[in-house]
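Asker: Sharing model19.txt below, compact mmCIF, C-alpha atoms and all ligand atoms:
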```txt
# COMPACT_ATOMS: atom_id res chain seq x y z
CA MET A 288 15.11 8.67 5.54
CA ARG A 289 12.03 10.13 3.87
CA THR A 290 8.56 9.42 5.24
CA ILE A 291 5.85 10.07 2.67
CA ALA A 292 2.07 9.85 3.15
CA ILE A 293 0.08 9.08 0.01
CA MET A 294 -3.11 10.93 0.75
CA ASN A 295 -6.42 12.00 -0.72
CA GLN A 296 -9.75 11.73 1.08
CA LYS A 297 -11.42 10.99 -2.23
CA GLY A 298 -11.81 7.29 -2.89
CA GLY A 299 -10.48 5.36 -5.87
CA VAL A 300 -8.00 7.98 -7.12
CA GLY A 301 -4.96 5.67 -7.13
CA LYS A 302 -3.54 6.06 -3.59
CA THR A 303 -2.96 2.36 -3.02
CA THR A 304 -1.78 1.63 -6.56
CA THR A 305 0.69 4.48 -6.19
CA SER A 306 1.82 3.53 -2.66
CA VAL A 307 2.49 -0.08 -3.64
CA ASN A 308 4.11 0.49 -7.01
CA LEU A 309 6.09 3.54 -5.97
CA ALA A 310 7.40 1.55 -2.98
CA ALA A 311 8.22 -1.40 -5.26
CA ALA A 312 9.88 0.88 -7.83
CA LEU A 313 12.02 2.55 -5.17
CA ALA A 314 13.05 -0.86 -3.83
CA ARG A 315 14.05 -1.87 -7.36
CA ARG A 316 16.17 1.27 -7.52
CA GLY A 317 18.15 -0.07 -4.59
CA LYS A 318 16.32 1.86 -1.86
CA ARG A 319 15.17 0.18 1.32
CA VAL A 320 11.47 0.77 1.76
CA LEU A 321 8.85 0.22 4.46
CA LEU A 322 5.26 0.39 3.22
CA ILE A 323 2.69 1.03 5.95
CA ASP A 324 -0.91 0.15 5.18
CA MET A 325 -3.09 2.54 7.20
CA ASP A 326 -6.32 1.62 5.46
CA PRO A 327 -8.72 -0.86 7.13
CA GLN A 328 -9.59 -2.05 3.60
CA ALA A 329 -6.04 -3.49 3.63
CA HIS A 330 -5.73 -3.11 -0.13
CA ALA A 331 -2.01 -2.34 -0.09
CA SER A 332 -1.39 -5.51 1.95
CA LEU A 333 -3.59 -7.55 -0.38
CA TYR A 334 -1.87 -6.02 -3.40
CA LEU A 335 1.42 -7.55 -2.28
CA GLY A 336 -0.14 -10.78 -0.97
CA MET A 337 0.72 -9.69 2.58
CA GLU A 338 -2.70 -9.32 4.22
CA ALA A 339 -2.89 -10.13 7.93
CA LYS A 340 -5.32 -12.95 8.69
CA THR A 341 -7.57 -12.62 11.72
CA GLY A 342 -5.46 -13.10 14.83
CA GLU A 343 -2.19 -12.23 13.06
CA PRO A 344 -0.42 -9.02 14.12
CA SER A 345 -1.18 -5.99 11.98
CA VAL A 346 -1.06 -2.21 12.04
CA TYR A 347 -4.13 -2.40 14.29
CA ASP A 348 -1.91 -3.78 17.09
CA VAL A 349 0.59 -0.99 16.44
CA MET A 350 -2.13 1.67 16.71
CA THR A 351 -4.14 0.31 19.62
CA GLY A 352 -1.66 -1.87 21.52
CA ASP A 353 1.96 -2.28 22.48
CA ALA A 354 3.14 -3.86 19.21
CA ALA A 355 6.25 -2.36 17.64
CA VAL A 356 6.30 -1.76 13.89
CA GLY A 357 9.24 -4.16 13.57
CA ALA A 358 7.28 -6.95 15.23
CA VAL A 359 4.47 -6.62 12.71
CA CYS A 360 6.24 -5.94 9.42
CA ARG A 361 6.85 -8.63 6.81
CA GLN A 362 9.23 -8.74 3.89
CA ALA A 363 7.44 -8.59 0.55
CA ALA A 364 10.41 -8.41 -1.82
CA GLU A 365 14.08 -7.57 -1.80
CA ARG A 366 14.48 -4.30 0.15
CA LEU A 367 10.69 -3.98 0.58
CA TRP A 368 8.85 -4.53 3.87
CA VAL A 369 5.15 -4.10 4.59
CA VAL A 370 3.22 -3.34 7.77
CA PRO A 371 -0.05 -5.08 6.90
CA SER A 372 -3.50 -3.86 7.78
CA HIS A 373 -6.65 -5.66 8.87
CA LEU A 374 -10.33 -4.77 8.91
CA ASP A 375 -10.06 -4.45 12.73
CA LEU A 376 -8.35 -1.12 12.07
CA ALA A 377 -11.79 0.28 11.21
CA GLY A 378 -12.59 0.13 14.93
CA ALA A 379 -9.44 2.01 15.92
CA GLU A 380 -11.08 5.38 15.29
CA VAL A 381 -13.67 4.66 18.01
CA GLU A 382 -11.25 2.84 20.32
CA LEU A 383 -8.84 5.78 20.28
CA ALA A 384 -11.55 8.42 20.66
CA GLY A 385 -10.76 9.37 24.27
CA GLU A 386 -7.03 8.77 24.15
CA ILE A 387 -4.67 11.68 24.69
CA GLY A 388 -2.08 11.99 21.94
CA ARG A 389 -4.03 9.68 19.63
CA GLU A 390 -2.98 11.77 16.60
CA ARG A 391 0.69 10.93 17.09
CA ILE A 392 0.70 7.20 17.82
CA LEU A 393 2.15 6.20 14.43
CA ARG A 394 4.72 8.98 14.59
CA GLY A 395 5.96 7.69 17.93
CA LYS A 396 6.11 4.09 16.75
CA LEU A 397 7.79 4.89 13.42
CA SER A 398 10.39 7.09 15.06
CA LEU A 399 11.64 3.96 16.82
CA GLU A 400 11.77 2.08 13.53
CA ARG A 401 14.56 3.51 11.45
CA THR A 402 16.06 0.16 10.55
CA ALA A 403 14.65 -2.87 8.77
CA PRO A 404 14.56 -6.30 10.44
CA ASP A 405 17.96 -7.05 8.84
CA GLY A 406 19.51 -4.15 10.75
CA ALA A 407 20.18 -1.74 7.86
CA PRO A 408 18.37 1.63 7.78
CA TYR A 409 15.32 2.37 5.65
CA ASP A 410 15.57 4.99 2.93
CA TYR A 411 11.82 5.46 2.61
CA GLN A 412 8.68 4.92 4.65
CA ILE A 413 5.58 5.13 2.45
CA ILE A 414 2.17 5.34 4.13
CA ASP A 415 -0.99 4.40 2.24
CA CYS A 416 -3.86 6.46 3.71
CA PRO A 417 -7.56 5.53 3.80
CA PRO A 418 -10.09 7.63 1.86
CA SER A 419 -11.06 9.79 4.83
CA LEU A 420 -9.65 12.58 6.95
CA GLY A 421 -10.12 10.77 10.28
CA VAL A 422 -7.65 9.81 12.96
CA LEU A 423 -5.86 7.24 10.77
CA THR A 424 -5.03 9.81 8.09
CA ILE A 425 -4.07 12.35 10.76
CA ASN A 426 -1.71 9.75 12.22
CA ALA A 427 -0.16 9.27 8.78
CA LEU A 428 0.30 13.03 8.41
CA THR A 429 1.89 13.57 11.81
CA ALA A 430 4.24 10.64 11.12
CA ALA A 431 5.21 11.87 7.64
CA ARG A 432 7.43 14.75 6.56
CA GLU A 433 6.10 14.71 3.02
CA ILE A 434 2.78 14.20 1.28
CA ILE A 435 2.08 13.06 -2.24
CA ILE A 436 -1.47 13.55 -3.48
CA PRO A 437 -2.69 11.27 -6.26
CA LEU A 438 -5.38 13.00 -8.31
CA GLN A 439 -7.59 11.76 -11.06
CA PRO A 440 -7.77 14.53 -13.66
CA HIS A 441 -11.52 14.81 -13.52
CA PHE A 442 -13.18 18.14 -12.89
CA LEU A 443 -14.30 16.89 -9.45
CA ALA A 444 -10.61 16.57 -8.51
CA LEU A 445 -10.67 20.27 -7.72
CA HIS A 446 -13.54 19.95 -5.27
CA GLY A 447 -11.70 18.08 -2.55
CA LEU A 448 -8.38 19.83 -2.93
CA GLY A 449 -9.21 22.81 -0.69
CA LYS A 450 -10.35 20.55 2.14
CA LEU A 451 -7.23 18.48 1.77
CA LEU A 452 -4.95 21.50 1.98
CA GLN A 453 -6.88 22.75 5.02
CA THR A 454 -6.23 19.42 6.73
CA ILE A 455 -2.52 19.67 5.97
CA LYS A 456 -2.47 23.19 7.41
CA LEU A 457 -4.25 22.05 10.57
CA VAL A 458 -1.68 19.33 11.12
CA VAL A 459 1.13 21.83 10.57
CA THR A 460 -0.31 24.44 12.94
CA ARG A 461 -2.54 22.77 15.53
CA LEU A 462 -0.57 19.56 15.80
CA ASP A 463 2.68 21.45 15.73
CA HIS A 464 4.31 19.70 12.79
CA PRO A 465 6.01 22.53 10.86
CA GLU A 466 8.21 20.19 8.82
CA LEU A 467 5.25 18.70 6.95
CA ARG A 468 5.29 19.59 3.25
CA LEU A 469 3.26 18.69 0.21
CA SER A 470 5.93 17.34 -2.11
CA GLY A 471 3.76 16.84 -5.11
CA VAL A 472 0.63 15.90 -6.97
CA VAL A 473 0.62 12.94 -9.30
CA PHE A 474 -2.06 12.40 -11.89
CA CYS A 475 -3.32 8.84 -11.92
CA LEU A 476 -5.75 7.00 -14.19
CA TYR A 477 -4.65 9.53 -16.78
CA ASP A 478 -6.47 9.33 -20.08
CA ALA A 479 -3.81 10.65 -22.41
CA GLY A 480 -5.13 12.71 -25.22
CA THR A 481 -8.36 13.91 -23.60
CA THR A 482 -8.85 17.65 -23.44
CA LEU A 483 -10.30 17.40 -19.95
CA ALA A 484 -7.22 15.66 -18.55
CA ARG A 485 -5.00 18.39 -20.01
CA GLU A 486 -7.29 21.18 -18.80
CA VAL A 487 -7.49 19.85 -15.27
CA SER A 488 -3.73 19.36 -15.04
CA ASN A 489 -3.20 22.92 -16.31
CA ASP A 490 -5.69 24.25 -13.75
CA ILE A 491 -3.99 22.44 -10.89
CA ARG A 492 -0.61 23.70 -12.08
CA ARG A 493 -1.96 27.26 -12.18
CA PHE A 494 -3.61 26.85 -8.78
CA PHE A 495 -0.33 25.88 -7.11
CA ALA A 496 1.58 28.64 -8.93
CA ASP A 497 -0.96 31.21 -7.62
CA GLU A 498 -0.80 29.72 -4.14
CA LYS A 499 2.98 30.00 -4.15
CA GLU A 500 2.70 33.67 -5.03
CA ARG A 501 0.01 34.25 -2.39
CA ASP A 502 1.87 32.53 0.43
CA PRO A 503 5.44 31.41 -0.27
CA ASN A 504 5.58 29.80 3.18
CA SER A 505 2.55 27.54 2.92
CA PRO A 506 3.22 23.79 3.27
CA TRP A 507 2.38 23.39 -0.43
CA ALA A 508 4.39 26.33 -1.78
CA ASP A 509 7.02 24.03 -3.27
CA ALA A 510 4.68 21.28 -4.39
CA GLU A 511 5.55 19.80 -7.75
CA ILE A 512 3.11 18.58 -10.30
CA TYR A 513 5.01 15.48 -11.25
CA ARG A 514 5.80 15.32 -14.92
CA THR A 515 5.09 11.61 -14.85
CA LYS A 516 1.45 10.89 -15.35
CA ILE A 517 0.23 7.43 -14.51
CA ARG A 518 -1.69 6.35 -17.54
CA ARG A 519 -4.82 4.27 -17.27
CA ASN A 520 -3.47 0.76 -17.74
CA ILE A 521 -5.47 -2.40 -17.22
CA ARG A 522 -2.37 -4.28 -16.06
CA LEU A 523 -2.27 -2.04 -12.96
CA ALA A 524 -5.85 -3.08 -12.15
CA GLU A 525 -5.06 -6.76 -12.73
CA ALA A 526 -1.84 -6.99 -10.70
CA PRO A 527 -3.50 -6.99 -7.22
CA SER A 528 -5.44 -10.18 -8.04
CA TYR A 529 -2.09 -11.93 -8.31
CA GLY A 530 -0.65 -10.35 -5.16
CA GLU A 531 2.14 -8.79 -7.23
CA SER A 532 3.46 -5.33 -7.87
CA ILE A 533 3.31 -4.23 -11.49
CA PHE A 534 7.04 -4.96 -11.82
CA ASP A 535 6.49 -8.63 -11.07
CA TYR A 536 3.16 -8.90 -12.84
CA ASP A 537 4.03 -7.15 -16.11
CA PRO A 538 7.36 -5.33 -16.10
CA LYS A 539 6.93 -4.31 -19.77
CA SER A 540 3.56 -2.61 -19.27
CA ASN A 541 2.95 1.13 -19.40
CA GLY A 542 2.05 0.89 -15.71
CA ALA A 543 5.53 -0.40 -14.83
CA ASP A 544 7.11 2.22 -17.06
CA ASP A 545 5.15 5.06 -15.46
CA TYR A 546 5.82 4.01 -11.88
CA ALA A 547 9.53 3.59 -12.64
CA ASP A 548 9.49 7.14 -14.02
CA LEU A 549 7.66 8.44 -10.97
CA ALA A 550 10.15 6.75 -8.65
CA ALA A 551 13.03 8.41 -10.54
CA GLU A 552 11.31 11.78 -10.13
CA VAL A 553 10.47 11.28 -6.45
CA ASP A 554 13.95 9.96 -5.78
CA GLY A 555 15.28 13.21 -7.22
CA CYS A 556 17.23 11.67 -10.08
CA LYS A 557 16.55 14.39 -12.62
CA ARG A 558 19.34 13.19 -14.89
CA GLU A 559 18.07 9.63 -14.97
CA PHE A 560 14.48 10.83 -15.45
CA ALA A 561 15.57 13.01 -18.39
CA ALA A 562 17.52 10.10 -19.90
CA ARG A 563 14.52 7.78 -19.62
CA ASN A 564 12.36 10.33 -21.39
CA LYS A 565 14.96 11.02 -24.06
CA ALA A 566 15.12 7.32 -24.81
CA LYS A 567 11.34 7.22 -25.17
CA ASN A 568 11.35 10.31 -27.41
CA THR A 569 13.94 8.73 -29.66
CA LEU A 570 11.91 5.53 -29.84
CA ARG A 571 8.84 7.52 -30.72
CA LYS A 572 10.63 9.52 -33.40
CA GLU A 573 11.89 6.31 -34.93
CA ARG A 574 8.42 4.78 -34.88
CA VAL A 575 6.28 7.67 -36.09
CA PRO A 576 7.73 8.21 -39.59
CA SER A 577 7.94 4.52 -40.43
CA GLU A 578 4.34 3.91 -39.38
CA LYS A 579 3.12 6.93 -41.30
CA THR A 580 5.23 6.13 -44.34
CA ALA A 581 3.71 2.68 -44.42
CA ALA A 582 0.29 4.33 -44.42
CA GLY A 583 1.35 6.53 -47.31
CA SER A 584 1.29 9.86 -45.47
CA ALA A 585 4.84 10.43 -44.45
CA ALA A 586 5.58 13.04 -41.84
CA PRO A 587 9.13 13.96 -41.00
CA ALA A 588 10.25 12.79 -37.58
CA GLU A 589 10.98 16.36 -36.47
CA THR A 590 7.32 17.28 -36.85
CA ALA A 591 6.21 14.66 -34.34
CA PRO A 592 4.69 16.59 -31.46
CA ALA A 593 7.05 16.81 -28.53
CA ALA A 594 5.31 16.13 -25.26
CA GLU A 595 6.57 16.41 -21.71
CA HIS A 596 5.91 12.82 -20.89
CA SER A 597 5.28 9.51 -22.51
CA ALA A 598 1.68 9.70 -21.34
CA GLU A 599 1.16 12.42 -23.89
CA LYS A 600 3.45 10.92 -26.47
CA THR A 601 1.71 7.63 -26.93
CA ALA A 602 -1.90 6.74 -27.34
CA ALA A 603 -3.72 5.61 -24.22
CA ASP A 604 -3.60 1.88 -23.88
CA GLU A 605 -7.33 1.82 -23.40
CA SER A 606 -9.86 3.76 -25.35
CA ALA A 607 -10.18 7.13 -23.69
CA PRO A 608 -13.65 8.09 -22.47
CA VAL A 609 -15.01 11.47 -23.46
CA TYR A 610 -16.14 13.63 -20.56
CA PHE A 611 -18.59 16.46 -20.82
CA ALA A 612 -18.04 18.55 -17.75
CA PRO A 613 -18.18 22.20 -16.72
CA ASN A 614 -14.95 24.07 -17.25
CA PRO A 615 -12.99 23.44 -14.05
CA LEU A 616 -11.51 26.92 -14.35
CA SER A 617 -14.82 28.42 -13.32
CA MET A 618 -14.99 26.36 -10.14
CA GLU A 619 -14.24 27.61 -6.66
CA ILE A 620 -11.73 25.74 -4.58
CA ASP A 621 -13.26 25.79 -1.11
N1 LIG A 701 -3.46 3.73 -13.69
C1 LIG A 701 -4.46 2.87 -13.51
N2 LIG A 701 -5.00 2.22 -14.57
C2 LIG A 701 -6.03 1.36 -14.41
N3 LIG A 701 -6.59 1.08 -13.23
C3 LIG A 701 -6.11 1.68 -12.14
C4 LIG A 701 -5.00 2.59 -12.21
N4 LIG A 701 -4.75 3.06 -10.97
C5 LIG A 701 -5.63 2.45 -10.16
N5 LIG A 701 -6.44 1.62 -10.85
C6 LIG A 701 -7.56 0.84 -10.33
O1 LIG A 701 -8.52 1.77 -9.85
C7 LIG A 701 -9.09 1.33 -8.63
C8 LIG A 701 -8.80 2.35 -7.53
O2 LIG A 701 -7.39 2.45 -7.35
P1 LIG A 701 -6.74 2.47 -5.91
O3 LIG A 701 -7.26 1.34 -5.09
O4 LIG A 701 -5.28 2.59 -6.08
O5 LIG A 701 -7.34 3.83 -5.38
P2 LIG A 701 -7.40 4.35 -3.89
O6 LIG A 701 -7.35 5.83 -3.96
O7 LIG A 701 -6.38 3.68 -3.06
O8 LIG A 701 -8.84 3.85 -3.43
P3 LIG A 701 -9.42 3.90 -1.94
O9 LIG A 701 -9.78 5.33 -1.73
O10 LIG A 701 -10.60 2.99 -1.95
O11 LIG A 701 -8.35 3.46 -1.00
C9 LIG A 701 -8.47 -0.04 -8.35
O12 LIG A 701 -9.33 -1.02 -8.87
C10 LIG A 701 -7.16 -0.01 -9.14
O13 LIG A 701 -6.75 -1.30 -9.54
MG MG A 702 -6.57 2.63 -1.23
```
Here is the file; what I need is its structure written in the form of structure tokens.
Ligand SMILES: Nc1ncnc2c1ncn2[C@@H]1O[C@H](COP(=O)(O)OP(=O)(O)OP(=O)(O)O)[C@@H](O)[C@H]1O
Ligand SMILES: [Mg+2]

Answerer:
Amino acid sequence: MRTIAIMNQKGGVGKTTTSVNLAAALARRGKRVLLIDMDPQAHASLYLGMEAKTGEPSVYDVMTGDAAVGAVCRQAAERLWVVPSHLDLAGAEVELAGEIGRERILRGKLSLERTAPDGAPYDYQIIDCPPSLGVLTINALTAAREIIIPLQPHFLALHGLGKLLQTIKLVVTRLDHPELRLSGVVFCLYDAGTTLAREVSNDIRRFFADEKERDPNSPWADAEIYRTKIRRNIRLAEAPSYGESIFDYDPKSNGADDYADLAAEVDGCKREFAARNKAKNTLRKERVPSEKTAAGSAAPAETAPAAEHSAEKTAADESAPVYFAPNPLSMEID
């Protein structure tokens, strides 16, 4: 079983959208998934129509009381279970302040929860973290073996990264959790075609390559920059209002396509991921010449620019904003 925390202290970068849709995509791939909502905003629970009403058991009872994860979780779809959150969780930070071992409560509870309510084991536990580095996020990190960081490719993305890596290191060293690893960084809200998006992703790639050279044993030495980029797609923003994952809300959207790709990458199916991309490349090659021919400026299919991912192969599905920002290369990572 893999336990993955989706973490970034910066708000609104796509943590919840990624937690929910990655969990849903993995479940659709036949994996058995438990999604744990560790954010008092309870957005992941709301996203799947699973929010705990006042008085109903939630992750708050798991963190501050005797409740077992299994007693609180609810089934959201085939092979997908959710531990819902509630606003009460916001008080947990204060309630747990004097408690010894408060950083490892979730770890202890999840370690007892290797099987779903139907008795079969989980393949994945995905934890949606709040936008802070407080005790709730620390609990997610001590419980997880892996971290995925969603990043918005904006020049400010680089600002928080150093702090985030420091936090991971503290959990590894001070909280004695040497197995914790940063598995990867996924770009979300990606505006395909903008120079800034490309520059920031290149900078992050270079940063991790340098880090690997500097310290091949750091928890992020083997971090991948996922080839899948989650394009900005309005359907992903609409889906939560209907309490549905993107696969139920609009399975043909770019959002569904991107999260299915990401799940294939995370699930380690390189062959399937390559096949999905090849199919998209072929589709693109078939489309490009016919569209251009119709416009009277034929270009041979072979000259269509090859890109590493569909996000760069197709136009953004919303008009891409133009950013004017300092070159991120010149910025210090603290
Ligand atoms: N790829 C996308 N395209 C369009 N909208 C998106 C996309 N990803 C996320 N959003 C929207 O952006 C907003 C922030 O996303 P999300 O809630 O996933 O971020 P978050 O990091 O979990 O935020 P918070 O830090 O508040 O928990 C939401 O309104 C969401 O619907
Ligand atoms: Mg969130």

Asker: Which of these residues is nearest to ligand LIG 701 (chain A), using all atoms listed in the file: A:Ile517, A:Leu467, A:Val359, A:Leu483?

Answerer: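 Of A:Ile517, A:Leu467, A:Val359, A:Leu483, the one nearest ligand LIG 701 (chain A), counting all atoms listed in the file, is A:Ile517.
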
Asker: Residues of chain A within 10 Å of ligand LIG 701 (chain A): nearest atom pair and distance (Å, one decimal) for each, counting all atoms listed in the file, sorted by chain and number, as a Markdown table?

Answerer:
```
| residue | atom | partner | partner_atom | distance |
| --- | --- | --- | --- | --- |
| A:Ile293 | CA | A:LIG701 | O7 | 9.0 |
| A:Met294 | CA | A:LIG701 | O6 | 8.1 |
| A:Asn295 | CA | A:LIG701 | O6 | 7.0 |
| A:Gln296 | CA | A:LIG701 | O9 | 7.0 |
| A:Lys297 | CA | A:LIG701 | O9 | 5.9 |
| A:Gly298 | CA | A:LIG701 | O9 | 3.1 |
| A:Gly299 | CA | A:LIG701 | O8 | 3.3 |
| A:Val300 | CA | A:LIG701 | O6 | 3.9 |
| A:Gly301 | CA | A:LIG701 | O4 | 3.3 |
| A:Lys302 | CA | A:LIG701 | O7 | 3.7 |
| A:Thr303 | CA | A:LIG701 | O7 | 3.7 |
| A:Thr304 | CA | A:LIG701 | O4 | 3.7 |
| A:Thr305 | CA | A:LIG701 | O4 | 6.3 |
| A:Ser306 | CA | A:LIG701 | O4 | 7.9 |
| A:Val307 | CA | A:LIG701 | O4 | 8.6 |
| A:Asn308 | CA | A:LIG701 | O4 | 9.7 |
| A:Met325 | CA | A:LIG701 | O11 | 9.8 |
| A:Asp326 | CA | A:LIG701 | O11 | 7.0 |
| A:Pro327 | CA | A:LIG701 | O11 | 9.2 |
| A:Gln328 | CA | A:LIG701 | O11 | 7.3 |
| A:Ala329 | CA | A:LIG701 | O11 | 8.7 |
| A:His330 | CA | A:LIG701 | O3 | 6.8 |
| A:Ala331 | CA | A:LIG701 | O7 | 8.0 |
| A:Tyr334 | CA | A:LIG701 | O13 | 9.2 |
| A:Asp415 | CA | A:LIG701 | O7 | 7.6 |
| A:Cys416 | CA | A:LIG701 | O11 | 7.2 |
| A:Pro417 | CA | A:LIG701 | O11 | 5.3 |
| A:Pro418 | CA | A:LIG701 | O9 | 4.3 |
| A:Ser419 | CA | A:LIG701 | O9 | 8.0 |
| A:Ile436 | CA | A:LIG701 | O6 | 9.7 |
| A:Pro437 | CA | A:LIG701 | O6 | 7.5 |
| A:Leu438 | CA | A:LIG701 | O6 | 8.6 |
| A:Gln439 | CA | A:LIG701 | N4 | 9.2 |
| A:Phe474 | CA | A:LIG701 | N1 | 9.0 |
| A:Cys475 | CA | A:LIG701 | N1 | 5.4 |
| A:Leu476 | CA | A:LIG701 | N1 | 4.0 |
| A:Tyr477 | CA | A:LIG701 | N1 | 6.7 |
| A:Asp478 | CA | A:LIG701 | N1 | 9.0 |
| A:Lys516 | CA | A:LIG701 | N1 | 8.8 |
| A:Ile517 | CA | A:LIG701 | N1 | 5.3 |
| A:Arg518 | CA | A:LIG701 | N1 | 5.0 |
| A:Arg519 | CA | A:LIG701 | N2 | 3.4 |
| A:Asn520 | CA | A:LIG701 | N2 | 3.8 |
| A:Ile521 | CA | A:LIG701 | C2 | 4.7 |
| A:Arg522 | CA | A:LIG701 | C2 | 6.9 |
| A:Leu523 | CA | A:LIG701 | C2 | 5.3 |
| A:Ala524 | CA | A:LIG701 | O13 | 3.3 |
| A:Glu525 | CA | A:LIG701 | O13 | 6.5 |
| A:Ala526 | CA | A:LIG701 | O13 | 7.6 |
| A:Pro527 | CA | A:LIG701 | O13 | 7.0 |
| A:Ser528 | CA | A:LIG701 | O13 | 9.1 |
| A:Asn541 | CA | A:LIG701 | N1 | 9.0 |
| A:Gly542 | CA | A:LIG701 | N1 | 6.5 |
| A:Ala543 | CA | A:LIG701 | N1 | 10.0 |
| A:Asp545 | CA | A:LIG701 | N1 | 8.9 |
| A:Tyr546 | CA | A:LIG701 | N1 | 9.5 |
| A:Asp604 | CA | A:LIG701 | N2 | 9.4 |
| A:Glu605 | CA | A:LIG701 | C2 | 9.1 |
```

Asker: If you measure from CA of Ala496 in chain A to CA of Pro465 in chain A, what distance in Å do you get, rounded to one decimal?

Answerer: 21.2 Å

Asker: Tell me which of A:Ala339, A:Leu549, A:Leu462, A:Leu383 sits closest to Leu313 in chain A, counting only C-alpha atoms.

Answerer: A:Leu549

Asker: As an exercise, work out the distance from CA of Ala354 in chain A to CA of Val381 in chain A in Å and give it to one decimal place.

Answerer: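 Distance between the two atoms: 18.9 Å.
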
Asker: Dump as a ChimeraX atom specification all residues having an atom at most 9 Å from (6.9, -5.8, 2.7), computed in the file's coordinates with only C-alpha atoms.

Answerer: /A:320-323,332,335,337,360-371

Asker: Emit the selected residues as a short mmCIF file (atom, residue, chain, number, x, y, z; two decimals), in the frame of the given file, including C-alpha atoms.

Answerer:
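part.cif was written with the following content:
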```
data_model
loop_
_atom_site.label_atom_id
_atom_site.label_comp_id
_atom_site.auth_asym_id
_atom_site.auth_seq_id
_atom_site.Cartn_x
_atom_site.Cartn_y
_atom_site.Cartn_z
CA VAL A 320 11.47 0.77 1.76
CA LEU A 321 8.85 0.22 4.46
CA LEU A 322 5.26 0.39 3.22
CA ILE A 323 2.69 1.03 5.95
CA SER A 332 -1.39 -5.51 1.95
CA LEU A 335 1.42 -7.55 -2.28
CA MET A 337 0.72 -9.69 2.58
CA CYS A 360 6.24 -5.94 9.42
CA ARG A 361 6.85 -8.63 6.81
CA GLN A 362 9.23 -8.74 3.89
CA ALA A 363 7.44 -8.59 0.55
CA ALA A 364 10.41 -8.41 -1.82
CA GLU A 365 14.08 -7.57 -1.80
CA ARG A 366 14.48 -4.30 0.15
CA LEU A 367 10.69 -3.98 0.58
CA TRP A 368 8.85 -4.53 3.87
CA VAL A 369 5.15 -4.10 4.59
CA VAL A 370 3.22 -3.34 7.77
CA PRO A 371 -0.05 -5.08 6.90
#
```

Asker: Looking at all atoms listed in the file, which of A:Ala427, A:Ala479, A:Ala566, A:Val458 is the one that sits closest to Ile392 in chain A?

Answerer: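 Closest to Ile392 in chain A of all the choices is A:Ala427.
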
Asker: Show which residues sit within 10 Å of Pro408 in chain A, as a list of chain:residue names. Count all atoms listed in the file, and ignore same-chain residues fewer than 4 positions away.

Answerer: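 Using all atoms listed in the file, the neighbours found are A:Met288, A:Lys318, A:Arg319, A:Val320, A:Glu400, A:Arg401, A:Thr402, A:Ala403, A:Pro404.
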
Asker: When distances are computed from only C-alpha atoms and all ligand atoms, which of A:Val346, A:Leu399, A:Ile414, A:Val422 shows the smallest separation from ligand MG 702 (chain A)?

Answerer: A:Ile414
